[in-house]
$ cat work18.txt   # compact mmCIF, C-alpha atoms and all ligand atoms
# COMPACT_ATOMS: atom_id res chain seq x y z
CA MET U 1 0.00 0.00 0.00
CA SER U 2 1.53 3.26 -0.98
CA ASN U 3 0.28 6.80 -0.86
CA GLY U 4 2.19 7.46 -4.06
CA ASN U 5 2.95 11.08 -3.36
CA SER U 6 6.64 10.87 -2.64
CA ALA U 7 9.62 11.54 -4.82
CA ASP U 8 8.07 13.98 -7.24
CA ALA U 9 10.43 14.52 -10.12
CA VAL U 10 12.66 17.54 -9.80
CA SER U 11 14.12 19.13 -12.88
CA ALA U 12 17.75 19.68 -13.78
CA PRO U 13 19.47 22.31 -11.66
CA LEU U 14 19.57 25.90 -12.84
CA GLU U 15 22.98 27.29 -13.74
CA THR U 16 24.18 29.68 -11.05
CA ALA U 17 23.86 32.66 -13.41
CA ALA U 18 20.28 31.67 -14.24
CA LEU U 19 19.47 31.32 -10.55
CA ILE U 20 20.83 34.80 -9.91
CA SER U 21 18.81 36.33 -12.74
CA ARG U 22 15.70 34.49 -11.56
CA PHE U 23 16.32 36.00 -8.12
CA GLU U 24 16.69 39.44 -9.66
CA GLU U 25 13.46 39.08 -11.66
CA ASN U 26 11.53 38.13 -8.53
CA PHE U 27 13.07 40.35 -5.91
CA GLY U 28 14.23 43.33 -7.98
CA ARG U 29 17.86 43.21 -6.91
CA LEU U 30 20.87 40.93 -6.82
CA PRO U 31 21.40 38.35 -4.05
CA ASP U 32 24.23 38.78 -1.57
CA GLY U 33 25.43 35.33 -2.51
CA VAL U 34 24.50 31.77 -3.49
CA TRP U 35 25.09 28.81 -1.18
CA GLN U 36 24.85 25.15 -2.03
CA ALA U 37 24.37 22.02 0.07
CA PRO U 38 24.07 18.41 -1.10
CA GLY U 39 21.65 15.60 -0.40
CA ARG U 40 23.19 12.43 0.91
CA VAL U 41 23.21 8.71 0.46
CA ASN U 42 23.90 6.52 3.43
CA LEU U 43 26.43 3.90 2.38
CA ILE U 44 25.87 1.89 5.55
CA GLY U 45 24.76 2.41 9.15
CA GLU U 46 20.95 2.57 9.20
CA HIS U 47 18.95 3.51 12.29
CA THR U 48 22.20 3.68 14.21
CA ASP U 49 22.35 7.47 14.49
CA TYR U 50 19.76 7.92 17.21
CA ASN U 51 21.38 5.01 19.05
CA GLU U 52 24.54 7.14 19.32
CA GLY U 53 26.29 4.73 16.97
CA PHE U 54 28.19 4.93 13.69
CA VAL U 55 27.08 5.92 10.21
CA LEU U 56 28.87 6.20 6.88
CA PRO U 57 26.96 8.52 4.55
CA PHE U 58 28.33 10.57 1.69
CA ALA U 59 27.32 13.90 0.22
CA ILE U 60 26.03 13.46 -3.34
CA ASP U 61 26.25 15.41 -6.55
CA LYS U 62 22.64 16.55 -6.24
CA THR U 63 22.22 19.77 -4.36
CA ALA U 64 19.96 22.49 -3.04
CA ARG U 65 21.10 26.00 -3.84
CA VAL U 66 19.80 29.17 -2.23
CA ALA U 67 20.31 32.70 -3.48
CA VAL U 68 19.88 34.98 -0.49
CA ALA U 69 19.86 38.72 0.17
CA ALA U 70 19.59 40.26 3.62
CA ARG U 71 16.87 42.87 4.12
CA PRO U 72 16.88 45.93 6.37
CA ASP U 73 13.52 44.95 7.93
CA SER U 74 12.09 41.82 9.58
CA THR U 75 10.35 40.44 6.48
CA ILE U 76 11.18 36.99 5.11
CA ARG U 77 10.27 36.22 1.49
CA LEU U 78 10.73 32.68 0.22
CA LEU U 79 10.42 31.26 -3.28
CA SER U 80 11.26 27.87 -4.81
CA THR U 81 11.77 27.07 -8.49
CA TYR U 82 9.92 23.83 -7.76
CA GLY U 83 6.31 23.15 -6.94
CA GLY U 84 4.53 26.33 -7.97
CA GLN U 85 3.82 27.31 -4.38
CA GLY U 86 4.46 30.98 -5.12
CA LEU U 87 5.98 33.52 -2.82
CA THR U 88 5.68 32.90 0.91
CA THR U 89 6.02 35.84 3.27
CA ALA U 90 6.74 35.58 6.99
CA ASP U 91 8.10 37.81 9.72
CA LEU U 92 11.16 37.26 11.86
CA THR U 93 9.39 38.39 14.97
CA SER U 94 6.54 35.88 14.75
CA LEU U 95 7.82 32.59 13.36
CA ASP U 96 5.09 30.01 13.75
CA SER U 97 5.76 26.36 12.99
CA ALA U 98 2.05 25.55 12.91
CA ALA U 99 1.43 28.14 10.20
CA ALA U 100 4.47 27.26 8.06
CA ARG U 101 3.60 25.42 4.85
CA GLY U 102 5.49 22.98 2.63
CA TRP U 103 9.19 23.48 2.10
CA THR U 104 9.18 26.89 3.82
CA LYS U 105 9.24 25.02 7.16
CA TYR U 106 12.89 24.24 6.50
CA PRO U 107 14.31 27.75 6.03
CA LEU U 108 11.96 29.15 8.68
CA GLY U 109 13.00 26.36 11.05
CA VAL U 110 16.65 27.20 10.52
CA ILE U 111 16.03 30.89 11.21
CA TRP U 112 14.09 29.94 14.35
CA ALA U 113 16.88 27.62 15.54
CA LEU U 114 19.44 30.38 15.06
CA GLN U 115 17.24 32.78 17.02
CA GLN U 116 17.08 30.18 19.82
CA ARG U 117 20.86 30.47 19.95
CA GLY U 118 20.69 34.23 20.38
CA ILE U 119 21.85 34.93 16.85
CA GLU U 120 20.32 38.00 15.31
CA VAL U 121 19.07 36.96 11.87
CA PRO U 122 18.09 39.68 9.39
CA GLY U 123 15.03 39.60 7.18
CA ILE U 124 15.85 37.87 3.90
CA ASP U 125 14.76 37.29 0.34
CA LEU U 126 15.52 33.72 -0.65
CA LEU U 127 15.19 31.72 -3.86
CA LEU U 128 15.64 27.94 -3.68
CA ASP U 129 16.54 25.62 -6.53
CA SER U 130 17.17 21.94 -5.79
CA ASP U 131 17.67 18.79 -7.81
CA VAL U 132 17.66 16.49 -4.80
CA PRO U 133 14.66 14.18 -5.35
CA LEU U 134 11.97 14.82 -2.76
CA GLY U 135 11.13 12.15 -0.23
CA ALA U 136 13.42 9.55 -1.85
CA GLY U 137 15.49 9.11 1.26
CA LEU U 138 18.23 11.38 -0.09
CA SER U 139 17.39 14.08 2.44
CA SER U 140 16.15 16.87 0.23
CA SER U 141 15.00 18.55 3.44
CA HIS U 142 18.46 18.70 4.98
CA ALA U 143 19.95 19.88 1.71
CA ILE U 144 17.67 22.91 2.00
CA GLU U 145 18.40 23.43 5.69
CA CYS U 146 22.15 23.12 5.24
CA ALA U 147 22.21 25.55 2.31
CA VAL U 148 20.18 28.03 4.34
CA ILE U 149 22.24 27.72 7.50
CA SER U 150 25.46 28.10 5.50
CA ALA U 151 24.10 31.30 4.01
CA LEU U 152 22.88 32.69 7.32
CA ASN U 153 26.02 31.69 9.18
CA GLU U 154 27.96 33.88 6.79
CA LEU U 155 25.47 36.72 6.43
CA THR U 156 25.08 37.11 10.21
CA GLY U 157 28.79 36.67 10.88
CA ALA U 158 27.82 34.11 13.53
CA GLY U 159 30.85 31.98 12.72
CA LEU U 160 29.26 28.71 13.83
CA GLN U 161 31.37 25.58 13.46
CA ALA U 162 29.96 22.65 11.50
CA GLU U 163 29.15 20.76 14.75
CA GLU U 164 26.99 23.65 15.96
CA MET U 165 25.24 23.99 12.59
CA VAL U 166 24.48 20.27 12.75
CA LEU U 167 22.75 20.74 16.10
CA ALA U 168 20.89 23.83 14.92
CA THR U 169 19.49 22.06 11.85
CA GLN U 170 18.56 19.09 14.02
CA GLN U 171 16.66 21.43 16.31
CA ALA U 172 14.95 22.96 13.28
CA GLU U 173 13.83 19.52 12.03
CA ASN U 174 12.85 18.17 15.44
CA ASP U 175 11.18 21.16 17.04
CA PHE U 176 10.02 23.36 14.15
CA VAL U 177 9.37 20.94 11.27
CA GLY U 178 8.37 18.20 13.71
CA ALA U 179 10.45 15.39 12.20
CA PRO U 180 12.28 13.29 14.81
CA THR U 181 15.52 12.98 12.84
CA GLY U 182 19.08 12.49 14.09
CA ILE U 183 22.31 14.16 13.01
CA MET U 184 23.44 11.99 10.12
CA ASP U 185 21.93 13.81 7.18
CA GLN U 186 23.11 17.30 8.00
CA SER U 187 26.54 16.02 9.03
CA ALA U 188 26.96 14.49 5.58
CA SER U 189 25.62 17.58 3.87
CA LEU U 190 27.75 20.03 5.86
CA ARG U 191 30.90 17.98 6.34
CA GLY U 192 31.08 15.78 3.23
CA ALA U 193 33.97 16.00 0.78
CA LYS U 194 34.47 15.02 -2.83
CA GLY U 195 35.58 11.41 -3.21
CA HIS U 196 34.93 10.62 0.46
CA ALA U 197 32.37 9.10 2.76
CA VAL U 198 31.78 10.67 6.16
CA PHE U 199 32.48 8.23 8.99
CA LEU U 200 30.54 9.82 11.82
CA ASP U 201 30.42 8.87 15.46
CA CYS U 202 26.95 10.07 16.38
CA ARG U 203 27.80 10.19 20.08
CA THR U 204 30.70 12.60 19.78
CA GLN U 205 30.12 14.11 16.30
CA GLU U 206 33.69 13.09 15.54
CA VAL U 207 34.14 12.79 11.78
CA GLN U 208 36.69 10.94 9.74
CA LEU U 209 36.64 11.34 5.97
CA VAL U 210 37.11 7.93 4.34
CA PRO U 211 38.18 7.76 0.69
CA PHE U 212 35.32 6.23 -1.27
CA GLU U 213 35.35 6.36 -5.02
CA ALA U 214 33.53 3.75 -7.04
CA GLU U 215 34.82 4.78 -10.44
CA PRO U 216 38.54 3.92 -10.08
CA ALA U 217 37.43 0.47 -8.88
CA GLY U 218 35.38 -0.01 -12.06
CA LEU U 219 32.12 0.46 -10.16
CA VAL U 220 29.18 2.83 -10.11
CA MET U 221 26.84 3.55 -7.23
CA LEU U 222 23.29 3.26 -8.49
CA VAL U 223 20.39 4.75 -6.59
CA ILE U 224 17.06 3.10 -7.25
CA ASP U 225 14.28 5.40 -6.13
CA THR U 226 11.22 3.19 -5.74
CA LYS U 227 9.04 6.32 -5.64
CA VAL U 228 6.87 4.78 -2.98
CA GLN U 229 6.52 5.85 0.61
CA HIS U 230 4.30 3.56 2.61
CA SER U 231 1.84 5.23 4.87
CA HIS U 232 3.16 3.58 8.04
CA ALA U 233 6.62 5.15 7.58
CA ASP U 234 6.24 7.74 10.36
CA GLY U 235 4.69 5.33 12.82
CA GLY U 236 7.25 2.67 11.92
CA TYR U 237 10.13 5.05 12.53
CA ALA U 238 8.73 6.10 15.89
CA SER U 239 8.11 2.53 17.01
CA ARG U 240 11.65 1.46 16.02
CA ARG U 241 13.07 4.31 18.06
CA ALA U 242 10.90 3.27 20.98
CA SER U 243 12.10 -0.35 20.71
CA CYS U 244 15.70 0.82 20.73
CA GLU U 245 15.09 2.94 23.82
CA LEU U 246 13.41 0.04 25.55
CA GLY U 247 16.29 -2.26 24.63
CA ALA U 248 18.86 0.15 26.03
CA GLU U 249 16.85 0.58 29.22
CA VAL U 250 16.45 -3.14 29.85
CA LEU U 251 20.12 -3.75 29.10
CA GLY U 252 21.11 -0.90 31.42
CA VAL U 253 23.12 1.14 28.94
CA PRO U 254 22.79 4.82 27.96
CA ALA U 255 22.29 3.86 24.30
CA LEU U 256 22.53 0.76 22.10
CA ARG U 257 25.91 2.04 20.99
CA ASP U 258 27.17 0.57 24.25
CA VAL U 259 26.05 -2.98 23.42
CA THR U 260 28.66 -5.12 21.64
CA VAL U 261 28.28 -8.12 19.38
CA ASP U 262 29.53 -10.30 22.24
CA ASP U 263 26.78 -8.96 24.52
CA LEU U 264 24.03 -10.19 22.20
CA GLU U 265 23.80 -13.71 23.54
CA GLU U 266 23.09 -12.49 27.03
CA ALA U 267 20.73 -9.82 25.68
CA SER U 268 18.62 -12.46 23.97
CA GLY U 269 17.65 -13.82 27.38
CA LEU U 270 16.70 -10.41 28.74
CA LEU U 271 14.62 -8.99 25.91
CA ASP U 272 11.37 -10.02 24.31
CA GLU U 273 11.80 -11.57 20.87
CA VAL U 274 10.90 -8.51 18.81
CA THR U 275 12.95 -6.06 20.88
CA PHE U 276 15.90 -8.44 20.68
CA ARG U 277 15.79 -8.46 16.89
CA ARG U 278 15.63 -4.65 16.81
CA VAL U 279 18.62 -4.48 19.14
CA ARG U 280 20.52 -7.08 17.14
CA HIS U 281 20.09 -5.01 13.97
CA VAL U 282 21.54 -1.92 15.60
CA VAL U 283 24.45 -3.74 17.23
CA MET U 284 25.38 -5.67 14.10
CA GLU U 285 24.90 -2.61 11.89
CA ASN U 286 27.30 -0.59 14.03
CA ASP U 287 29.80 -3.40 13.64
CA ARG U 288 29.25 -3.46 9.88
CA VAL U 289 30.00 0.26 9.67
CA LEU U 290 33.33 -0.28 11.42
CA GLN U 291 34.12 -3.20 9.13
CA THR U 292 33.20 -1.17 6.05
CA VAL U 293 35.52 1.66 7.08
CA GLU U 294 38.33 -0.83 7.56
CA LEU U 295 37.72 -2.60 4.26
CA LEU U 296 37.51 0.66 2.34
CA ALA U 297 40.88 1.69 3.75
CA ARG U 298 42.55 -1.65 3.13
CA GLN U 299 40.94 -2.93 -0.06
CA GLY U 300 38.63 -0.29 -1.54
CA PRO U 301 34.96 -0.30 -2.53
CA GLY U 302 35.13 -3.63 -4.36
CA ALA U 303 35.38 -5.36 -0.97
CA ILE U 304 32.25 -4.06 0.76
CA GLY U 305 29.51 -5.83 -1.22
CA ALA U 306 28.83 -8.55 1.35
CA LEU U 307 28.43 -5.95 4.11
CA LEU U 308 25.86 -4.03 2.06
CA ASP U 309 23.95 -7.27 1.49
CA ALA U 310 24.06 -8.21 5.16
CA SER U 311 22.82 -4.76 6.10
CA HIS U 312 19.80 -5.18 3.85
CA VAL U 313 18.95 -8.62 5.23
CA SER U 314 19.17 -7.24 8.74
CA MET U 315 16.82 -4.37 7.94
CA ARG U 316 14.43 -6.69 6.16
CA ASP U 317 14.31 -9.46 8.76
CA ASP U 318 15.44 -8.04 12.11
CA PHE U 319 14.48 -4.37 11.97
CA GLU U 320 11.59 -4.94 9.53
CA ILE U 321 11.75 -1.59 7.80
CA SER U 322 12.03 -2.76 4.22
CA CYS U 323 9.09 -3.25 1.85
CA PRO U 324 8.41 -5.38 -1.25
CA GLU U 325 9.57 -2.66 -3.67
CA LEU U 326 12.90 -2.19 -1.86
CA ASP U 327 13.44 -5.95 -1.59
CA LEU U 328 12.78 -6.33 -5.30
CA ALA U 329 15.17 -3.49 -6.20
CA VAL U 330 17.88 -5.14 -4.10
CA ASP U 331 17.24 -8.69 -5.35
CA ALA U 332 17.03 -7.73 -9.01
CA SER U 333 20.25 -5.71 -8.74
CA ARG U 334 22.12 -8.53 -7.05
CA ARG U 335 20.88 -11.20 -9.46
CA ASN U 336 22.03 -9.13 -12.42
CA GLY U 337 25.54 -8.21 -11.42
CA ALA U 338 25.58 -5.71 -8.54
CA ILE U 339 28.24 -6.69 -6.00
CA GLY U 340 26.19 -5.47 -3.06
CA ALA U 341 22.86 -3.73 -2.52
CA ARG U 342 20.72 -2.45 0.31
CA MET U 343 17.83 -0.19 1.04
CA THR U 344 19.07 3.18 2.29
CA GLY U 345 17.38 5.78 4.46
CA GLY U 346 14.61 5.39 6.98
CA GLY U 347 12.78 2.57 5.20
CA PHE U 348 9.19 1.68 4.24
CA GLY U 349 9.90 3.09 0.79
CA GLY U 350 12.40 5.53 -0.66
CA ALA U 351 15.56 4.30 -2.30
CA ALA U 352 17.95 1.38 -2.50
CA ILE U 353 21.60 1.55 -3.50
CA ALA U 354 23.39 -0.98 -5.66
CA LEU U 355 27.16 -0.99 -6.00
CA THR U 356 27.55 -2.18 -9.55
CA PRO U 357 30.42 -2.97 -11.95
CA VAL U 358 30.40 -0.48 -14.83
CA ALA U 359 30.10 -3.40 -17.22
CA ALA U 360 26.87 -4.56 -15.56
CA GLU U 361 25.24 -1.16 -15.14
CA ALA U 362 22.95 -1.33 -18.17
CA GLU U 363 21.88 -4.86 -17.30
CA VAL U 364 21.08 -3.99 -13.70
CA ARG U 365 19.09 -0.93 -14.71
CA ALA U 366 17.06 -2.89 -17.27
CA ALA U 367 16.53 -5.81 -14.90
CA VAL U 368 15.22 -3.59 -12.12
CA VAL U 369 12.86 -1.73 -14.45
CA ASN U 370 11.58 -5.03 -15.86
CA ALA U 371 11.16 -6.60 -12.44
CA PHE U 372 9.12 -3.59 -11.29
CA ALA U 373 6.94 -3.77 -14.40
CA ASP U 374 6.41 -7.51 -13.92
CA ALA U 375 5.39 -6.96 -10.31
CA GLY U 376 2.94 -4.25 -11.32
CA TYR U 377 4.88 -1.51 -9.51
CA GLY U 378 5.37 1.98 -10.88
CA LYS U 379 8.57 2.70 -12.79
CA PRO U 380 11.50 3.35 -10.46
CA ASP U 381 13.88 6.23 -11.04
CA ILE U 382 17.47 4.98 -11.38
CA PHE U 383 20.52 7.22 -11.36
CA THR U 384 24.17 7.23 -10.35
CA VAL U 385 25.63 9.27 -7.52
CA THR U 386 29.20 10.16 -6.68
CA PRO U 387 30.58 11.43 -3.38
CA ALA U 388 30.65 15.21 -3.72
CA ALA U 389 31.59 18.33 -1.77
CA GLY U 390 29.73 19.39 1.34
CA ALA U 391 27.94 22.72 1.76
CA HIS U 392 29.76 25.81 0.51
CA ARG U 393 29.27 29.18 -1.12
CA ILE U 394 29.21 29.08 -4.91
CA SER U 395 28.76 32.74 -5.78
P1 LIG A 401 13.60 13.77 2.24
O1 LIG A 401 14.33 14.72 3.12
O2 LIG A 401 13.98 12.35 2.49
O3 LIG A 401 13.73 14.10 0.80
P2 LIG A 401 11.35 14.90 3.59
O4 LIG A 401 9.95 14.49 3.70
O5 LIG A 401 12.14 15.10 4.82
O6 LIG A 401 12.07 13.86 2.61
O7 LIG A 401 11.44 16.25 2.78
C1 LIG A 401 10.74 16.39 1.56
C2 LIG A 401 10.05 17.73 1.55
O8 LIG A 401 11.03 18.75 1.31
C3 LIG A 401 9.03 17.90 0.47
O9 LIG A 401 7.78 17.46 0.89
C4 LIG A 401 9.04 19.39 0.25
O10 LIG A 401 8.24 20.04 1.21
C5 LIG A 401 10.46 19.79 0.56
N1 LIG A 401 11.30 20.04 -0.62
C6 LIG A 401 12.44 19.41 -0.94
N2 LIG A 401 13.00 19.93 -2.04
C7 LIG A 401 12.20 20.95 -2.44
C8 LIG A 401 12.23 21.91 -3.51
N3 LIG A 401 13.19 21.91 -4.44
N4 LIG A 401 11.22 22.80 -3.58
C9 LIG A 401 10.23 22.80 -2.68
N5 LIG A 401 10.15 21.94 -1.67
C10 LIG A 401 11.11 21.03 -1.53
MG MG A 402 14.10 14.73 5.24

$ encode --input "work18.txt" --output "structure tokens"
Amino acid sequence: MSNGNSADAVSAPLETAALISRFEENFGRLPDGVWQAPGRVNLIGEHTDYNEGFVLPFAIDKTARVAVAARPDSTIRLLSTYGGQGLTTADLTSLDSAAARGWTKYPLGVIWALQQRGIEVPGIDLLLDSDVPLGAGLSSSHAIECAVISALNELTGAGLQAEEMVLATQQAENDFVGAPTGIMDQSASLRGAKGHAVFLDCRTQEVQLVPFEAEPAGLVMLVIDTKVQHSHADGGYASRRASCELGAEVLGVPALRDVTVDDLEEASGLLDEVTFRRVRHVVMENDRVLQTVELLARQGPGAIGALLDASHVSMRDDFEISCPELDLAVDASRRNGAIGARMTGGGFGGAAIALTPVAAEAEVRAAVVNAFADAGYGKPDIFTVTPAAGAHRIS
């Protein structure tokens, strides 16, 4: 069952010069600058972030860009090239999360979070253009937030470090947008680097950039956007978080991060069957992240296929956050030459990734499309991603 409204197609990104002239047409003057922030793909480490564990996402070559000009008054004017929502006007002095509509929650949430930190934000005119697919699990929302916070950090002279911007965007998502997300997405978007994955310790925010380039290894990273989002996604996410909290409480640890693979046998006797499987996913997934980092360093991306596969099986069977479309994307990819594949993102829809030899790319793409058609599913969107730069100013 799918509500079918996710992952609306976004068009190709505007050239920076075109974005600036679009800004000028709409706001009657030039922007102060243009800032860009990427979406992300999580290579491995799913539902580990809120358990204070490890994740290994990378910033992708699909980005949100915002052209922004500060205003002398308290007015906020927001416009997106996507969606035909028209101009949204708000006021700095009365930001109201309940009244905020659509994508404007993200920039308004960021402004609100900065205000919570005592930072004086000016009124702004802002034009957004993004080619990060919406709701595909590539974090189009954080791409917007990270572009906006990069712009405002500079325009206000606040000088926030990346770690602080990560917390501010988390506060925006959690308390203004109302999405109970962790710190992975914005860490990848703000701290990613070209040709690298971001090995993040979600307890300490410590980051290590790990070289990850598929191309020199004769591979491509395919994203298969199933374009479905099942209606129980929000409830499913909340209940998985609750299971993890329960598991940590029963096991007497601050977070599941503190449970090791060796502890699992004892844990199985202390937890009910379902909670145990949830805990086992998190513990094993943390371990898989560490193994992936090690393998990437020692042998490169060609060596991590089995870990991607194991991650998917764990999400399908232990954490139970996959769905038939994601399982089919993964199975069809693997049967037709991918060396490893897994669903990525929160689950219950969204996208899968398939690490695929260049020579098998066409076959995998065709096989997945055919398998979806045979199953009576809508056509998936399939594209390649490469690890790209984190948020920065582009003009
Ligand atoms: P995800 O972050 O996984 O893509 P979310 O549900 O968190 O999914 O965020 C998707 C929402 O972000 C959309 O519903 C829309 O409100 C907003 N959004 C993303 N990109 C754009 C854009 N280019 N223009 C307008 N709104 C956008
Ligand atoms: Mg999001």

$ residues_near_ligand --input "work18.txt" --ligand "ligand LIG 401 (chain A)" --cutoff "9 Å" --atoms "all atoms listed in the file" --output "compact mmCIF listing (two decimals) with C-alpha atoms, in the coordinates of the input"
# COMPACT_ATOMS: atom_id res chain seq x y z
CA SER U 6 6.64 10.87 -2.64
CA ALA U 7 9.62 11.54 -4.82
CA ASP U 8 8.07 13.98 -7.24
CA VAL U 10 12.66 17.54 -9.80
CA SER U 11 14.12 19.13 -12.88
CA GLY U 39 21.65 15.60 -0.40
CA ALA U 64 19.96 22.49 -3.04
CA ARG U 65 21.10 26.00 -3.84
CA LEU U 79 10.42 31.26 -3.28
CA SER U 80 11.26 27.87 -4.81
CA THR U 81 11.77 27.07 -8.49
CA TYR U 82 9.92 23.83 -7.76
CA GLY U 83 6.31 23.15 -6.94
CA GLY U 84 4.53 26.33 -7.97
CA GLN U 85 3.82 27.31 -4.38
CA ARG U 101 3.60 25.42 4.85
CA GLY U 102 5.49 22.98 2.63
CA TRP U 103 9.19 23.48 2.10
CA THR U 104 9.18 26.89 3.82
CA LYS U 105 9.24 25.02 7.16
CA TYR U 106 12.89 24.24 6.50
CA LEU U 128 15.64 27.94 -3.68
CA ASP U 129 16.54 25.62 -6.53
CA SER U 130 17.17 21.94 -5.79
CA ASP U 131 17.67 18.79 -7.81
CA VAL U 132 17.66 16.49 -4.80
CA PRO U 133 14.66 14.18 -5.35
CA LEU U 134 11.97 14.82 -2.76
CA GLY U 135 11.13 12.15 -0.23
CA ALA U 136 13.42 9.55 -1.85
CA GLY U 137 15.49 9.11 1.26
CA LEU U 138 18.23 11.38 -0.09
CA SER U 139 17.39 14.08 2.44
CA SER U 140 16.15 16.87 0.23
CA SER U 141 15.00 18.55 3.44
CA HIS U 142 18.46 18.70 4.98
CA ALA U 143 19.95 19.88 1.71
CA ILE U 144 17.67 22.91 2.00
CA GLU U 173 13.83 19.52 12.03
CA ALA U 179 10.45 15.39 12.20
CA THR U 181 15.52 12.98 12.84
CA ASP U 185 21.93 13.81 7.18
CA GLY U 345 17.38 5.78 4.46
CA GLY U 346 14.61 5.39 6.98
CA GLY U 350 12.40 5.53 -0.66

$ atom_distance --input "work18.txt" --atom1 "CA of Pro380 (chain U)" --atom2 "CA of Ala362 (chain U)"
14.6 Å

$ residues_around --input "work18.txt" --residues "Ala373 (chain U)" --least-positions-apart "5" --cutoff "12 Å" --atoms "only C-alpha atoms" --output "list in words"
Thr226, Glu325, Leu328, Ala329, Ala366, Ala367, Val368, Gly378, Lys379 and Pro380 of chain U

$ residues_near_point --input "work18.txt" --point "(14.8, 35.3, 3.5)" --cutoff "10 Å" --atoms "only C-alpha atoms" --output "list of chain:residue names"
U:Val66, U:Ala67, U:Val68, U:Ala69, U:Ala70, U:Arg71, U:Ser74, U:Thr75, U:Ile76, U:Arg77, U:Leu78, U:Leu79, U:Thr88, U:Thr89, U:Ala90, U:Asp91, U:Leu92, U:Pro107, U:Leu108, U:Ile111, U:Val121, U:Pro122, U:Gly123, U:Ile124, U:Asp125, U:Leu126, U:Leu127, U:Val148, U:Leu152

$ closest_residue --input "work18.txt" --among "U:Glu24, U:Asp234, U:Asp381, U:Glu215" --to "ligand MG 402 (chain A)" --atoms "all atoms listed in the file"
U:Asp234

$ closest_residue --input "work18.txt" --among "U:Pro72, U:Gly28, U:Gly218, U:Gly178" --to "ligand MG 402 (chain A)" --atoms "only C-alpha atoms and all ligand atoms"
U:Gly178

$ closest_residue --input "work18.txt" --among "U:Asp61, U:Glu320, U:Glu46, U:Glu294" --to "Pro211 (chain U)" --atoms "all atoms listed in the file"
U:Glu294

$ atom_distance --input "work18.txt" --atom1 "CA of Met284 (chain U)" --atom2 "CA of Val358 (chain U)"
29.8 Å

$ atom_distance --input "work18.txt" --atom1 "CA of Ile44 (chain U)" --atom2 "CA of Arg342 (chain U)"
8.5 Å

$ residues_around --input "work18.txt" --residues "region 312-315 of chain U" --least-positions-apart "2" --cutoff "12 Å" --atoms "only C-alpha atoms" --output "PyMOL selection string"
chain U and resi 43-48+240+277-286+288+305-310+317-323+326-331+334+340-348+352-354

$ residues_around --input "work18.txt" --residues "Ile60 (chain U)" --least-positions-apart "6" --cutoff "12 Å" --atoms "all atoms listed in the file" --output "PyMOL selection string"
chain U and resi 36-43+131-133+138-140+143+185+188-198+212-213+221-223+383-391

$ axis_aligned_box --input "work18.txt" --around "region 283-297 of chain U" --padding-each-side "6 Å" --output "AutoDock Vina command-line options"
--center_x 32.7 --center_y -2.0 --center_z 9.8 --size_x 28.4 --size_y 19.4 --size_z 26.9

$ closest_residue --input "work18.txt" --among "U:Gln229, U:Arg29, U:Val34, U:Gln299" --to "Glu154 (chain U)" --atoms "only C-alpha atoms"
U:Val34

$ closest_residue --input "work18.txt" --among "U:Asn51, U:Ser231, U:Thr204, U:Ser311" --to "Gly247 (chain U)" --atoms "only C-alpha atoms"
U:Asn51

$ closest_residue --input "work18.txt" --among "U:Asp225, U:Asp32, U:Asp262, U:Glu163" --to "Arg203 (chain U)" --atoms "only C-alpha atoms"
U:Glu163

$ residues_around --input "work18.txt" --residues "Val293 (chain U)" --least-positions-apart "3" --cutoff "10 Å" --atoms "all atoms listed in the file" --output "PyMOL selection string"
chain U and resi 44+55-56+197-199+208-212+288-290+296-298+300-301+304

$ write_last_selection --input "work18.txt" --atoms "C-alpha atoms" --output "short mmCIF file (atom, residue, chain, number, x, y, z; two decimals), in the coordinates of the input"
data_model
loop_
_atom_site.label_atom_id
_atom_site.label_comp_id
_atom_site.auth_asym_id
_atom_site.auth_seq_id
_atom_site.Cartn_x
_atom_site.Cartn_y
_atom_site.Cartn_z
CA ILE U 44 25.87 1.89 5.55
CA VAL U 55 27.08 5.92 10.21
CA LEU U 56 28.87 6.20 6.88
CA ALA U 197 32.37 9.10 2.76
CA VAL U 198 31.78 10.67 6.16
CA PHE U 199 32.48 8.23 8.99
CA GLN U 208 36.69 10.94 9.74
CA LEU U 209 36.64 11.34 5.97
CA VAL U 210 37.11 7.93 4.34
CA PRO U 211 38.18 7.76 0.69
CA PHE U 212 35.32 6.23 -1.27
CA ARG U 288 29.25 -3.46 9.88
CA VAL U 289 30.00 0.26 9.67
CA LEU U 290 33.33 -0.28 11.42
CA LEU U 296 37.51 0.66 2.34
CA ALA U 297 40.88 1.69 3.75
CA ARG U 298 42.55 -1.65 3.13
CA GLY U 300 38.63 -0.29 -1.54
CA PRO U 301 34.96 -0.30 -2.53
CA ILE U 304 32.25 -4.06 0.76
#

$ residues_around --input "work18.txt" --residues "Pro180 (chain U)" --least-positions-apart "2" --cutoff "10 Å" --atoms "all atoms listed in the file" --output "PDB file with C-alpha atoms, in the frame of the given file"
ATOM      1  CA  TYR U  50      19.760   7.920  17.210  1.00  0.00           C
ATOM      2  CA  GLN U 170      18.560  19.090  14.020  1.00  0.00           C
ATOM      3  CA  GLN U 171      16.660  21.430  16.310  1.00  0.00           C
ATOM      4  CA  GLU U 173      13.830  19.520  12.030  1.00  0.00           C
ATOM      5  CA  ASN U 174      12.850  18.170  15.440  1.00  0.00           C
ATOM      6  CA  ASP U 175      11.180  21.160  17.040  1.00  0.00           C
ATOM      7  CA  VAL U 177       9.370  20.940  11.270  1.00  0.00           C
ATOM      8  CA  GLY U 178       8.370  18.200  13.710  1.00  0.00           C
ATOM      9  CA  GLY U 182      19.080  12.490  14.090  1.00  0.00           C
ATOM     10  CA  ASP U 234       6.240   7.740  10.360  1.00  0.00           C
ATOM     11  CA  TYR U 237      10.130   5.050  12.530  1.00  0.00           C
ATOM     12  CA  ALA U 238       8.730   6.100  15.890  1.00  0.00           C
ATOM     13  CA  ARG U 241      13.070   4.310  18.060  1.00  0.00           C
TER      14      ARG U 241
END
